[in-house]
Amino acid sequence: MSATTRPGEREARPTGSAEAEGGASREPAVEVVDLEKTFPAPGGGTLTAVDGVSFSVARGEVFGFLGPNGAGKTTTLEIVEGLQSPTAGVTRVLGLDSHRDRNRMKERIGVQLQAGAYFDYLTLEEILDLFGSFYPRQVAPEALLDKVGLLDKRKALVKQLSGGQAQRFSIVASLVNDPEVVFLDEPTTGLDPQARRNLWDLVQAIHDEGTTVVLTTHYMEEAEFLCDRVAIIDNGRIQALDTPLELIHGLPAAYRIVFATHQDVNDGELAALPGVVEVASPANGAATHELRVSRAQVTLPSFLDWASGRGVEVDDVRVLPATLEDVFLSLTGRSLRE
Amino acid sequence: MGKLIVSSLKLLYRDKQALFWALAFPVIFAVIFGLFDFTDVPDVDIAVVVEEGSPVSEGLLDGLGEIDAFSVTSLRSLDVARDELVKGYWDVVLGVPAAAPGQPLLLFVLYNETNFETNQFAISAIERLAGVMNLQIAGVDPPPVAVESRGIAGKSVEYYDFLLPGLVAMGVMNFSIIGMSVAISRFREQRILKRILATPLRPVKFLTAQVVARLALALVQAALILAVGVYVFGANLYGNVLWLFALATVANLIFLNLGFAVAGRAANPDAAQGIANAVALPMMFLSGVFFPTETLPEVMQVVVRYLPLTPLIEAMRTVAIDGESILRTGPQLALLGAWVAVSFAIAARNFRFARA
Ligand SMILES: Nc1ncnc2c1ncn2[C@@H]1O[C@H](COP(=O)(O)OP(=O)(O)OP(=O)(O)O)[C@@H](O)[C@H]1O
Ligand SMILES: [Mg+2]
């Protein structure tokens with residue numbers, strides 16, 4: 001699959017193929033019901049990190065958690081992986097309880113930890129070989145390294161890798177047991193755009209082999225690009241869960257019409273145009289104006305009529321789709337990265 | 001499991017810096033303490049003040065001069081001599097007053113009270129000399145009773161012979177308490193422990209591999225320190241080295257347990273390093289690595305006797321210096337055995353593979 005596939009084109013694939021193979025008896029890859037996790041708060045009292053989260057991930061899906069720092073992404077993931085115990089609720093992976101059936105579950109999942117490292121003094125090959133030996137079924141280290149273009153680095157130590165290479169290694173290290181579900185906690189945080197792009201290709205390649213991928217991210221482009229479905233999480237709660245396209249279409253203003261003019265315009269007249277939800281006037285006299293509209297094809301002709309009728313010279317007119325950033329903003333009233 | 005142990009060994013021997021210091025540290029101590037010369041009889045500086053020369057005072061000065069450990073200086077003024085004694089120039093001042101006819105010659109000795117042992121030695125030597133002179137003057141010459149003392153050639157225990165087992169024990173202790181706690185704490189900080197927990201490997205296997213690797217490498221360390229001690233510093237080793245290794249391994253279990261306990265309590269590797277040092281350093285200085293524990297105040301000896309490093313060093317000296325079998329170290333082995341159990345309980349209480 002090419003790296004430029006848009007999310008919408010992929011929607012049909014995952015659930016369909018999984019169901020066709022395994023039939024109705026196949027459990028979902030991940031099932032979480034009414035999950036809750038509290039920690040003792042630093043100043044006394046309790047901190048609710050995960051507050052009643054339920055979702056399920058179908059086999060073959062790429063499922064993403066999008067949310068700001070402290071939203072509860074890592075906590076949710078680690079409970080599902082059996083690394084932390086829940087305060088309440090049930091988590092199952094491949095039909096196995098994350099805690100009661102932990103050992104059998106672990107054999108079939110792959111885990112990449114947020115900011116996790118590997119042994120300082122073992123080579124890439126040795127690390128993969130060692131971790132592989134923990135599982136009944138093991139993929140050859142060379143095959144894994146080849147997959148991420150690190151075969152020539154197999155005798156290197158992790159500290160001798162670049163940031164992007166190290167991150168690729170840490171993903172491939174979660175594949176030593178050819179898992180059915182992999183969990184990637186912020187696989188691209190801290191990487192430059194090119195390295196991030198590179199990892200997106202890797203995640204897609206993993207997905208193309210039929211592996212279910214559950215990932216977390218701060219980046220809406222990443223969620224939009226990679227994920228079949230996205231759960232927007234904030235303050236320990238899932239605020240919305242759908243395909244990226246549906247999330248955006250669900251917004252009252254799914255598009256923005258952006259234009260520039262040096263003349264004075266009357267915001268009231270713009271707001272009265274059909275389909276306009278909101279007018280964002282430029283701050284301190286800048287030239288760029290923005291209309292948030294529900295359907296661009298309705299508003300655009302009226303807008304152009306209005307401009308020629310009023311003799312307003314508009315320049316640089318663009319219609320932009322809303323993003324998950326806008327979804328987040330409209331759900332929480334805050335921007336994703338503030 | 002085999003792969004895990006091999007990997008753990010690789011992690012240890014590839015960390016060249018840590019490995020270097022594990023060896024260099026005891027050797028540095030060997031060099032520093034080798035600079036002290038502990039083998040000489042105490043050297044006594046004696047000032048003699050003779051008020052009026054006489055054949056008796058001459059004989060006395062000659063007699064003192066013949067004693068090797070004394071360096072004798074004649075002074076004129078008793079006041080000056082006393083002042084200088086107070087300042088620490090002299091260990092002993094011997095006053096020889098003018099002889100009054102018909103009266104015994106009353107020698108008097110001033111000594112520095114802070115230096116008890118040296119002075120007991122000096123005073124008894126002077127008394128003996130006076131006794132011999134009395135007999136001579138009384139015309140009993142040769143004296144009716146004489147003692148001929150003859151040294152039997154035995155083995156001579158030099159300071160290095162004494163120090164070497166202590167250094168081996170200290171090296172093992174530091175390598176394990178400090179090394180293990182810092183390593184585990186670092187694994188935790190790097191989330192390697194959590195990563196292991198995400199695999200089907202049982203955590204106890206991972207820890208066992210760590211322990212086995214460190215037990216093995218500690219023996220290599222012990223062997224190297226012994227080799228340096230014997231071949232570089234000329235220490236004598238009278239006992240069986242294998243017994244020493246056995247003792248080191250038993251005690252190492254204690255130190256590794258303590259290392260785990262420290263790792264369980266420490267928030268990060270730096271904290272682990274600090275806590276581990278706080279555990280190891282007092283033992284290093286109290287448990288008789290460098291000096292016999294008998295030189296400690298008695299109250300402290302009572303406590304120090306029960307620190308785990310103390311019975312290890314005692315047992316090692318019994319083997320290394322006295323050439324005894326490990327079977328002759330029963331009380332020490334019992335104490336070490338008890339410590340293995342206690343330290344395991346401490347580790348189990350304080351160490352968790354995963355937190356929260
Ligand atoms: N072990 C812990 N003890 C106490 N509080 C914790 C613990 N782990 C997480 N928390 C708190 O729980 C909340 C959720 O943390 P979590 O790590 O799940 O967030 P996150 O969404 O992964 O954030 P980030 O994007 O920064 O990784 C935070 O407020 C965090 O401070
Ligand atoms: Mg996180």
# chains A, B, ... in the order shown; residues from 1 in each chain; ligands from 1

call {"tool": "residues_near_ligand", "arguments": {"ligand": "ligand 1", "cutoff": "6 Å", "atoms": "only C-alpha atoms and all ligand atoms", "output": "NGL selection string"}}
result
(:A and (39 or 49 or 68-75)) or (:B and (356))

call {"tool": "interface_residues", "arguments": {"of": "chain B", "to": "chain A", "cutoff": "10 Å", "atoms": "only C-alpha atoms", "output": "ChimeraX atom specification"}}
result
/B:1-4,6-8,10-16,186-202,354-356

call {"tool": "atom_distance", "arguments": {"atom1": "CA of Ala47 (chain B)", "atom2": "CA of Thr114 (chain B)"}}
result
17.3 Å

call {"tool": "select_by_dssp", "arguments": {"residues": "region 15-226 of chain B", "states": "strand (DSSP E)", "output": "PDB file with N, CA, C and O atoms, in the first residue's frame"}}
result
ATOM      1  N   VAL B  44      60.207   4.932  69.748  1.00  0.00           N
ATOM      2  CA  VAL B  44      59.998   5.778  70.915  1.00  0.00           C
ATOM      3  C   VAL B  44      61.064   6.863  70.972  1.00  0.00           C
ATOM      4  O   VAL B  44      62.262   6.576  70.955  1.00  0.00           O
ATOM      5  N   ASP B  45      60.624   8.100  71.004  1.00  0.00           N
ATOM      6  CA  ASP B  45      61.562   9.216  71.139  1.00  0.00           C
ATOM      7  C   ASP B  45      61.709   9.536  72.620  1.00  0.00           C
ATOM      8  O   ASP B  45      60.738   9.931  73.275  1.00  0.00           O
ATOM      9  N   ILE B  46      62.916   9.349  73.108  1.00  0.00           N
ATOM     10  CA  ILE B  46      63.158   9.573  74.534  1.00  0.00           C
ATOM     11  C   ILE B  46      64.101  10.755  74.737  1.00  0.00           C
ATOM     12  O   ILE B  46      65.134  10.855  74.064  1.00  0.00           O
ATOM     13  N   ALA B  47      63.704  11.664  75.616  1.00  0.00           N
ATOM     14  CA  ALA B  47      64.628  12.737  75.997  1.00  0.00           C
ATOM     15  C   ALA B  47      65.163  12.406  77.393  1.00  0.00           C
ATOM     16  O   ALA B  47      64.396  12.093  78.295  1.00  0.00           O
ATOM     17  N   VAL B  48      66.472  12.436  77.529  1.00  0.00           N
ATOM     18  CA  VAL B  48      67.058  12.129  78.833  1.00  0.00           C
ATOM     19  C   VAL B  48      67.662  13.415  79.404  1.00  0.00           C
ATOM     20  O   VAL B  48      68.399  14.123  78.716  1.00  0.00           O
ATOM     21  N   VAL B  49      67.279  13.734  80.635  1.00  0.00           N
ATOM     22  CA  VAL B  49      67.853  14.913  81.275  1.00  0.00           C
ATOM     23  C   VAL B  49      68.691  14.445  82.470  1.00  0.00           C
ATOM     24  O   VAL B  49      68.156  13.904  83.440  1.00  0.00           O
ATOM     25  N   VAL B  50      70.001  14.591  82.342  1.00  0.00           N
ATOM     26  CA  VAL B  50      70.894  14.135  83.412  1.00  0.00           C
ATOM     27  C   VAL B  50      71.341  15.362  84.207  1.00  0.00           C
ATOM     28  O   VAL B  50      71.929  16.281  83.652  1.00  0.00           O
ATOM     29  N   PHE B  70      64.415   2.670  70.560  1.00  0.00           N
ATOM     30  CA  PHE B  70      64.543   3.973  71.202  1.00  0.00           C
ATOM     31  C   PHE B  70      65.446   4.897  70.406  1.00  0.00           C
ATOM     32  O   PHE B  70      66.497   4.504  69.916  1.00  0.00           O
ATOM     33  N   SER B  71      65.020   6.131  70.248  1.00  0.00           N
ATOM     34  CA  SER B  71      65.999   7.113  69.788  1.00  0.00           C
ATOM     35  C   SER B  71      66.160   8.112  70.942  1.00  0.00           C
ATOM     36  O   SER B  71      65.197   8.703  71.417  1.00  0.00           O
ATOM     37  N   VAL B  72      67.370   8.183  71.411  1.00  0.00           N
ATOM     38  CA  VAL B  72      67.660   8.880  72.662  1.00  0.00           C
ATOM     39  C   VAL B  72      68.319  10.235  72.396  1.00  0.00           C
ATOM     40  O   VAL B  72      69.205  10.338  71.556  1.00  0.00           O
ATOM     41  N   THR B  73      67.798  11.257  73.061  1.00  0.00           N
ATOM     42  CA  THR B  73      68.395  12.584  72.935  1.00  0.00           C
ATOM     43  C   THR B  73      68.657  13.112  74.349  1.00  0.00           C
ATOM     44  O   THR B  73      67.810  12.963  75.228  1.00  0.00           O
ATOM     45  N   SER B  74      69.813  13.712  74.533  1.00  0.00           N
ATOM     46  CA  SER B  74      70.103  14.296  75.848  1.00  0.00           C
ATOM     47  C   SER B  74      69.689  15.755  75.862  1.00  0.00           C
ATOM     48  O   SER B  74      69.955  16.495  74.916  1.00  0.00           O
ATOM     49  N   LEU B  75      68.990  16.148  76.921  1.00  0.00           N
ATOM     50  CA  LEU B  75      68.612  17.555  77.069  1.00  0.00           C
ATOM     51  C   LEU B  75      69.165  18.049  78.403  1.00  0.00           C
ATOM     52  O   LEU B  75      69.432  17.266  79.319  1.00  0.00           O
ATOM     53  N   VAL B  92      58.618  10.080  75.729  1.00  0.00           N
ATOM     54  CA  VAL B  92      58.976   9.844  77.128  1.00  0.00           C
ATOM     55  C   VAL B  92      60.126  10.773  77.507  1.00  0.00           C
ATOM     56  O   VAL B  92      61.020  11.005  76.698  1.00  0.00           O
ATOM     57  N   VAL B  93      60.048  11.312  78.711  1.00  0.00           N
ATOM     58  CA  VAL B  93      61.194  12.058  79.241  1.00  0.00           C
ATOM     59  C   VAL B  93      61.709  11.295  80.460  1.00  0.00           C
ATOM     60  O   VAL B  93      60.934  10.953  81.353  1.00  0.00           O
ATOM     61  N   LEU B  94      63.021  11.006  80.435  1.00  0.00           N
ATOM     62  CA  LEU B  94      63.612  10.288  81.565  1.00  0.00           C
ATOM     63  C   LEU B  94      64.501  11.263  82.339  1.00  0.00           C
ATOM     64  O   LEU B  94      65.429  11.844  81.784  1.00  0.00           O
ATOM     65  N   GLY B  95      64.160  11.454  83.606  1.00  0.00           N
ATOM     66  CA  GLY B  95      64.960  12.359  84.437  1.00  0.00           C
ATOM     67  C   GLY B  95      65.928  11.561  85.317  1.00  0.00           C
ATOM     68  O   GLY B  95      65.537  10.585  85.949  1.00  0.00           O
ATOM     69  N   VAL B  96      67.217  11.950  85.293  1.00  0.00           N
ATOM     70  CA  VAL B  96      68.205  11.297  86.160  1.00  0.00           C
ATOM     71  C   VAL B  96      68.719  12.354  87.144  1.00  0.00           C
ATOM     72  O   VAL B  96      69.566  13.172  86.790  1.00  0.00           O
ATOM     73  N   PHE B 108      63.053   9.242  87.275  1.00  0.00           N
ATOM     74  CA  PHE B 108      61.614   9.440  87.068  1.00  0.00           C
ATOM     75  C   PHE B 108      61.304   9.578  85.582  1.00  0.00           C
ATOM     76  O   PHE B 108      62.111  10.051  84.786  1.00  0.00           O
ATOM     77  N   VAL B 109      60.118   9.121  85.271  1.00  0.00           N
ATOM     78  CA  VAL B 109      59.709   9.044  83.860  1.00  0.00           C
ATOM     79  C   VAL B 109      58.450   9.880  83.661  1.00  0.00           C
ATOM     80  O   VAL B 109      57.476   9.735  84.400  1.00  0.00           O
ATOM     81  N   LEU B 110      58.498  10.776  82.720  1.00  0.00           N
ATOM     82  CA  LEU B 110      57.283  11.491  82.314  1.00  0.00           C
ATOM     83  C   LEU B 110      56.871  10.915  80.964  1.00  0.00           C
ATOM     84  O   LEU B 110      57.712  10.710  80.094  1.00  0.00           O
ATOM     85  N   TYR B 111      55.586  10.638  80.827  1.00  0.00           N
ATOM     86  CA  TYR B 111      55.186  10.119  79.507  1.00  0.00           C
ATOM     87  C   TYR B 111      53.893  10.773  79.052  1.00  0.00           C
ATOM     88  O   TYR B 111      53.127  11.334  79.836  1.00  0.00           O
TER      89      TYR B 111
END

call {"tool": "residues_around", "arguments": {"residues": "Ile346 (chain B)", "least_positions_apart": "3", "cutoff": "8 Å", "atoms": "only C-alpha atoms", "output": "mmCIF file with all heavy atoms, in the first residue's frame"}}
result
data_model
loop_
_atom_site.group_PDB
_atom_site.id
_atom_site.type_symbol
_atom_site.label_atom_id
_atom_site.label_comp_id
_atom_site.auth_asym_id
_atom_site.auth_seq_id
_atom_site.Cartn_x
_atom_site.Cartn_y
_atom_site.Cartn_z
ATOM 1 N N ASN B 257 20.945 -9.196 47.493
ATOM 2 C CA ASN B 257 19.631 -8.936 48.092
ATOM 3 C C ASN B 257 19.530 -7.487 48.545
ATOM 4 O O ASN B 257 18.518 -6.817 48.313
ATOM 5 C CB ASN B 257 19.392 -9.858 49.289
ATOM 6 C CG ASN B 257 18.981 -11.258 48.869
ATOM 7 O OD1 ASN B 257 18.450 -11.440 47.775
ATOM 8 N ND2 ASN B 257 19.241 -12.236 49.713
ATOM 9 N N LEU B 258 20.584 -7.017 49.200
ATOM 10 C CA LEU B 258 20.567 -5.623 49.661
ATOM 11 C C LEU B 258 20.500 -4.676 48.462
ATOM 12 O O LEU B 258 19.829 -3.645 48.506
ATOM 13 C CB LEU B 258 21.802 -5.328 50.522
ATOM 14 C CG LEU B 258 21.871 -6.095 51.846
ATOM 15 C CD1 LEU B 258 23.141 -5.742 52.620
ATOM 16 C CD2 LEU B 258 20.642 -5.804 52.717
ATOM 17 N N ALA B 261 16.995 -4.464 47.416
ATOM 18 C CA ALA B 261 16.222 -3.667 48.366
ATOM 19 C C ALA B 261 16.449 -2.179 48.099
ATOM 20 O O ALA B 261 15.498 -1.390 48.074
ATOM 21 C CB ALA B 261 16.617 -4.025 49.797
ATOM 22 N N VAL B 342 17.725 -13.140 56.047
ATOM 23 C CA VAL B 342 17.201 -11.830 56.443
ATOM 24 C C VAL B 342 17.225 -10.861 55.261
ATOM 25 O O VAL B 342 16.248 -10.154 54.988
ATOM 26 C CB VAL B 342 18.037 -11.249 57.614
ATOM 27 C CG1 VAL B 342 17.686 -9.793 57.853
ATOM 28 C CG2 VAL B 342 17.812 -12.076 58.871
ATOM 29 N N SER B 343 18.332 -10.858 54.523
ATOM 30 C CA SER B 343 18.431 -9.906 53.416
ATOM 31 C C SER B 343 17.435 -10.251 52.314
ATOM 32 O O SER B 343 16.903 -9.370 51.638
ATOM 33 C CB SER B 343 19.860 -9.870 52.857
ATOM 34 O OG SER B 343 20.211 -11.137 52.343
ATOM 35 N N ARG B 349 10.518 -7.454 50.653
ATOM 36 C CA ARG B 349 9.646 -6.410 51.183
ATOM 37 C C ARG B 349 9.772 -5.105 50.414
ATOM 38 O O ARG B 349 8.799 -4.366 50.252
ATOM 39 C CB ARG B 349 10.024 -6.142 52.636
ATOM 40 C CG ARG B 349 8.870 -6.223 53.581
ATOM 41 C CD ARG B 349 9.311 -5.738 54.944
ATOM 42 N NE ARG B 349 8.576 -4.542 55.295
ATOM 43 C CZ ARG B 349 7.312 -4.545 55.692
ATOM 44 N NH1 ARG B 349 6.656 -5.663 55.796
ATOM 45 N NH2 ARG B 349 6.695 -3.413 55.987
ATOM 46 N N ASN B 350 10.968 -4.816 49.969
ATOM 47 C CA ASN B 350 11.214 -3.485 49.398
ATOM 48 C C ASN B 350 11.236 -3.433 47.875
ATOM 49 O O ASN B 350 11.061 -2.375 47.296
ATOM 50 C CB ASN B 350 12.545 -2.935 49.919
ATOM 51 C CG ASN B 350 12.448 -2.530 51.361
ATOM 52 O OD1 ASN B 350 11.878 -1.492 51.685
ATOM 53 N ND2 ASN B 350 12.970 -3.372 52.237
#

call {"tool": "residues_around", "arguments": {"residues": "Arg318 (chain A)", "least_positions_apart": "6", "cutoff": "8 Å", "atoms": "only C-alpha atoms", "output": "PyMOL selection string"}}
result
chain A and resi 257-259

call {"tool": "write_last_selection", "arguments": {"atoms": "N, CA and C atoms", "output": "PDB file, in the first residue's frame"}}
result
ATOM      1  N   ILE A 257     -13.829  28.686   4.860  1.00  0.00           N
ATOM      2  CA  ILE A 257     -13.518  29.488   3.668  1.00  0.00           C
ATOM      3  C   ILE A 257     -12.622  30.613   4.141  1.00  0.00           C
ATOM      4  N   VAL A 258     -11.437  30.643   3.577  1.00  0.00           N
ATOM      5  CA  VAL A 258     -10.445  31.639   3.986  1.00  0.00           C
ATOM      6  C   VAL A 258     -10.236  32.593   2.824  1.00  0.00           C
ATOM      7  N   PHE A 259     -10.233  33.888   3.105  1.00  0.00           N
ATOM      8  CA  PHE A 259      -9.928  34.842   2.036  1.00  0.00           C
ATOM      9  C   PHE A 259      -9.194  36.045   2.615  1.00  0.00           C
TER      10      PHE A 259
END

call {"tool": "residues_around", "arguments": {"residues": "Arg168 (chain A)", "least_positions_apart": "5", "cutoff": "12 Å", "atoms": "only C-alpha atoms", "output": "ChimeraX atom specification"}}
result
/A:112,124,144-151,158,161-163,173-175,184,187-188,191,195-203

call {"tool": "atom_distance", "arguments": {"atom1": "CA of Arg59 (chain A)", "atom2": "CA of Ala29 (chain A)"}}
result
4.9 Å

call {"tool": "atom_distance", "arguments": {"atom1": "CA of Asn236 (chain B)", "atom2": "CA of Asp43 (chain B)"}}
result
26.1 Å

call {"tool": "select_by_dssp", "arguments": {"residues": "region 12-121 of chain A", "states": "alpha helix (DSSP H)", "output": "MDAnalysis selection string"}}
result
chainID A and resid 13:22 73:80 102:106

call {"tool": "write_last_selection", "arguments": {"atoms": "N, CA, C and O atoms", "output": "mmCIF file, in the first residue's frame"}}
result
data_model
loop_
_atom_site.group_PDB
_atom_site.id
_atom_site.type_symbol
_atom_site.label_atom_id
_atom_site.label_comp_id
_atom_site.auth_asym_id
_atom_site.auth_seq_id
_atom_site.Cartn_x
_atom_site.Cartn_y
_atom_site.Cartn_z
ATOM 1 N N ARG A 13 -11.700 -2.019 4.546
ATOM 2 C CA ARG A 13 -10.874 -3.206 4.664
ATOM 3 C C ARG A 13 -10.921 -3.988 5.982
ATOM 4 O O ARG A 13 -11.267 -5.179 5.958
ATOM 5 N N PRO A 14 -10.611 -3.344 7.086
ATOM 6 C CA PRO A 14 -10.241 -4.140 8.253
ATOM 7 C C PRO A 14 -11.313 -5.074 8.794
ATOM 8 O O PRO A 14 -11.116 -6.289 8.749
ATOM 9 N N THR A 15 -12.407 -4.530 9.276
ATOM 10 C CA THR A 15 -13.414 -5.370 9.910
ATOM 11 C C THR A 15 -13.902 -6.427 8.943
ATOM 12 O O THR A 15 -14.060 -7.586 9.318
ATOM 13 N N GLY A 16 -14.109 -6.030 7.701
ATOM 14 C CA GLY A 16 -14.621 -6.951 6.693
ATOM 15 C C GLY A 16 -13.757 -8.185 6.569
ATOM 16 O O GLY A 16 -14.243 -9.311 6.755
ATOM 17 N N SER A 17 -12.464 -8.001 6.357
ATOM 18 C CA SER A 17 -11.597 -9.143 6.097
ATOM 19 C C SER A 17 -11.488 -10.032 7.336
ATOM 20 O O SER A 17 -11.461 -11.240 7.237
ATOM 21 N N ALA A 18 -11.440 -9.398 8.513
ATOM 22 C CA ALA A 18 -11.310 -10.179 9.736
ATOM 23 C C ALA A 18 -12.537 -11.058 9.935
ATOM 24 O O ALA A 18 -12.422 -12.233 10.277
ATOM 25 N N GLU A 19 -13.695 -10.488 9.692
ATOM 26 C CA GLU A 19 -14.927 -11.243 9.885
ATOM 27 C C GLU A 19 -15.008 -12.399 8.894
ATOM 28 O O GLU A 19 -15.419 -13.494 9.249
ATOM 29 N N ALA A 20 -14.581 -12.114 7.669
ATOM 30 C CA ALA A 20 -14.671 -13.131 6.626
ATOM 31 C C ALA A 20 -13.843 -14.360 6.985
ATOM 32 O O ALA A 20 -14.280 -15.489 6.808
ATOM 33 N N GLU A 21 -12.630 -14.125 7.537
ATOM 34 C CA GLU A 21 -11.758 -15.244 7.884
ATOM 35 C C GLU A 21 -12.295 -16.038 9.064
ATOM 36 O O GLU A 21 -12.456 -17.241 9.017
ATOM 37 N N GLY A 22 -12.522 -15.306 10.159
ATOM 38 C CA GLY A 22 -12.757 -15.983 11.435
ATOM 39 C C GLY A 22 -14.220 -16.218 11.739
ATOM 40 O O GLY A 22 -14.535 -16.964 12.643
ATOM 41 N N LYS A 73 -4.115 8.435 28.028
ATOM 42 C CA LYS A 73 -3.838 7.500 26.928
ATOM 43 C C LYS A 73 -2.938 6.356 27.388
ATOM 44 O O LYS A 73 -3.258 5.173 27.192
ATOM 45 N N THR A 74 -1.804 6.717 27.987
ATOM 46 C CA THR A 74 -0.859 5.683 28.406
ATOM 47 C C THR A 74 -1.468 4.779 29.459
ATOM 48 O O THR A 74 -1.329 3.551 29.408
ATOM 49 N N THR A 75 -2.159 5.388 30.411
ATOM 50 C CA THR A 75 -2.766 4.589 31.477
ATOM 51 C C THR A 75 -3.734 3.576 30.887
ATOM 52 O O THR A 75 -3.701 2.381 31.224
ATOM 53 N N THR A 76 -4.604 4.017 29.975
ATOM 54 C CA THR A 76 -5.554 3.101 29.340
ATOM 55 C C THR A 76 -4.819 1.962 28.638
ATOM 56 O O THR A 76 -5.125 0.778 28.838
ATOM 57 N N LEU A 77 -3.813 2.337 27.852
ATOM 58 C CA LEU A 77 -3.081 1.331 27.087
ATOM 59 C C LEU A 77 -2.404 0.322 28.005
ATOM 60 O O LEU A 77 -2.468 -0.889 27.782
ATOM 61 N N GLU A 78 -1.763 0.819 29.059
ATOM 62 C CA GLU A 78 -1.017 -0.099 29.933
ATOM 63 C C GLU A 78 -1.943 -1.023 30.713
ATOM 64 O O GLU A 78 -1.553 -2.145 31.050
ATOM 65 N N ILE A 79 -3.146 -0.577 30.984
ATOM 66 C CA ILE A 79 -4.094 -1.484 31.643
ATOM 67 C C ILE A 79 -4.497 -2.576 30.658
ATOM 68 O O ILE A 79 -4.532 -3.762 30.993
ATOM 69 N N VAL A 80 -4.745 -2.185 29.414
ATOM 70 C CA VAL A 80 -5.101 -3.168 28.397
ATOM 71 C C VAL A 80 -3.959 -4.169 28.201
ATOM 72 O O VAL A 80 -4.173 -5.364 28.034
ATOM 73 N N ARG A 102 -3.421 -13.118 31.626
ATOM 74 C CA ARG A 102 -2.323 -12.252 31.199
ATOM 75 C C ARG A 102 -1.247 -13.000 30.413
ATOM 76 O O ARG A 102 -0.787 -12.547 29.376
ATOM 77 N N ASN A 103 -0.850 -14.160 30.919
ATOM 78 C CA ASN A 103 0.275 -14.829 30.275
ATOM 79 C C ASN A 103 -0.036 -15.295 28.863
ATOM 80 O O ASN A 103 0.781 -15.153 27.960
ATOM 81 N N ARG A 104 -1.234 -15.823 28.692
ATOM 82 C CA ARG A 104 -1.586 -16.253 27.329
ATOM 83 C C ARG A 104 -1.737 -15.047 26.413
ATOM 84 O O ARG A 104 -1.391 -15.081 25.241
ATOM 85 N N MET A 105 -2.258 -13.955 26.970
ATOM 86 C CA MET A 105 -2.432 -12.745 26.165
ATOM 87 C C MET A 105 -1.082 -12.203 25.707
ATOM 88 O O MET A 105 -0.908 -11.841 24.546
ATOM 89 N N LYS A 106 -0.126 -12.188 26.631
ATOM 90 C CA LYS A 106 1.177 -11.579 26.318
ATOM 91 C C LYS A 106 1.861 -12.246 25.134
ATOM 92 O O LYS A 106 2.618 -11.604 24.406
#

call {"tool": "decode", "arguments": {"residues": "region 57-75 of chain A", "atoms": "C-alpha atoms", "output": "short mmCIF file (atom, residue, chain, number, x, y, z; two decimals), in the first residue's frame"}}
result
data_model
loop_
_atom_site.label_atom_id
_atom_site.label_comp_id
_atom_site.auth_asym_id
_atom_site.auth_seq_id
_atom_site.Cartn_x
_atom_site.Cartn_y
_atom_site.Cartn_z
CA VAL A 57 -11.15 -2.42 18.35
CA ALA A 58 -11.88 -4.77 15.48
CA ARG A 59 -9.25 -7.12 14.17
CA GLY A 60 -7.11 -5.62 11.48
CA GLU A 61 -8.04 -2.10 12.45
CA VAL A 62 -5.68 0.80 13.09
CA PHE A 63 -7.18 2.42 16.13
CA GLY A 64 -5.88 5.67 17.57
CA PHE A 65 -6.13 7.61 20.78
CA LEU A 66 -5.78 11.32 20.19
CA GLY A 67 -5.47 13.56 23.21
CA PRO A 68 -3.33 16.10 25.02
CA ASN A 69 -0.76 15.43 27.77
CA GLY A 70 -2.25 13.72 30.79
CA ALA A 71 -5.44 12.72 28.97
CA GLY A 72 -5.11 9.11 30.14
CA LYS A 73 -3.84 7.50 26.93
CA THR A 74 -0.86 5.68 28.41
CA THR A 75 -2.77 4.59 31.48
#
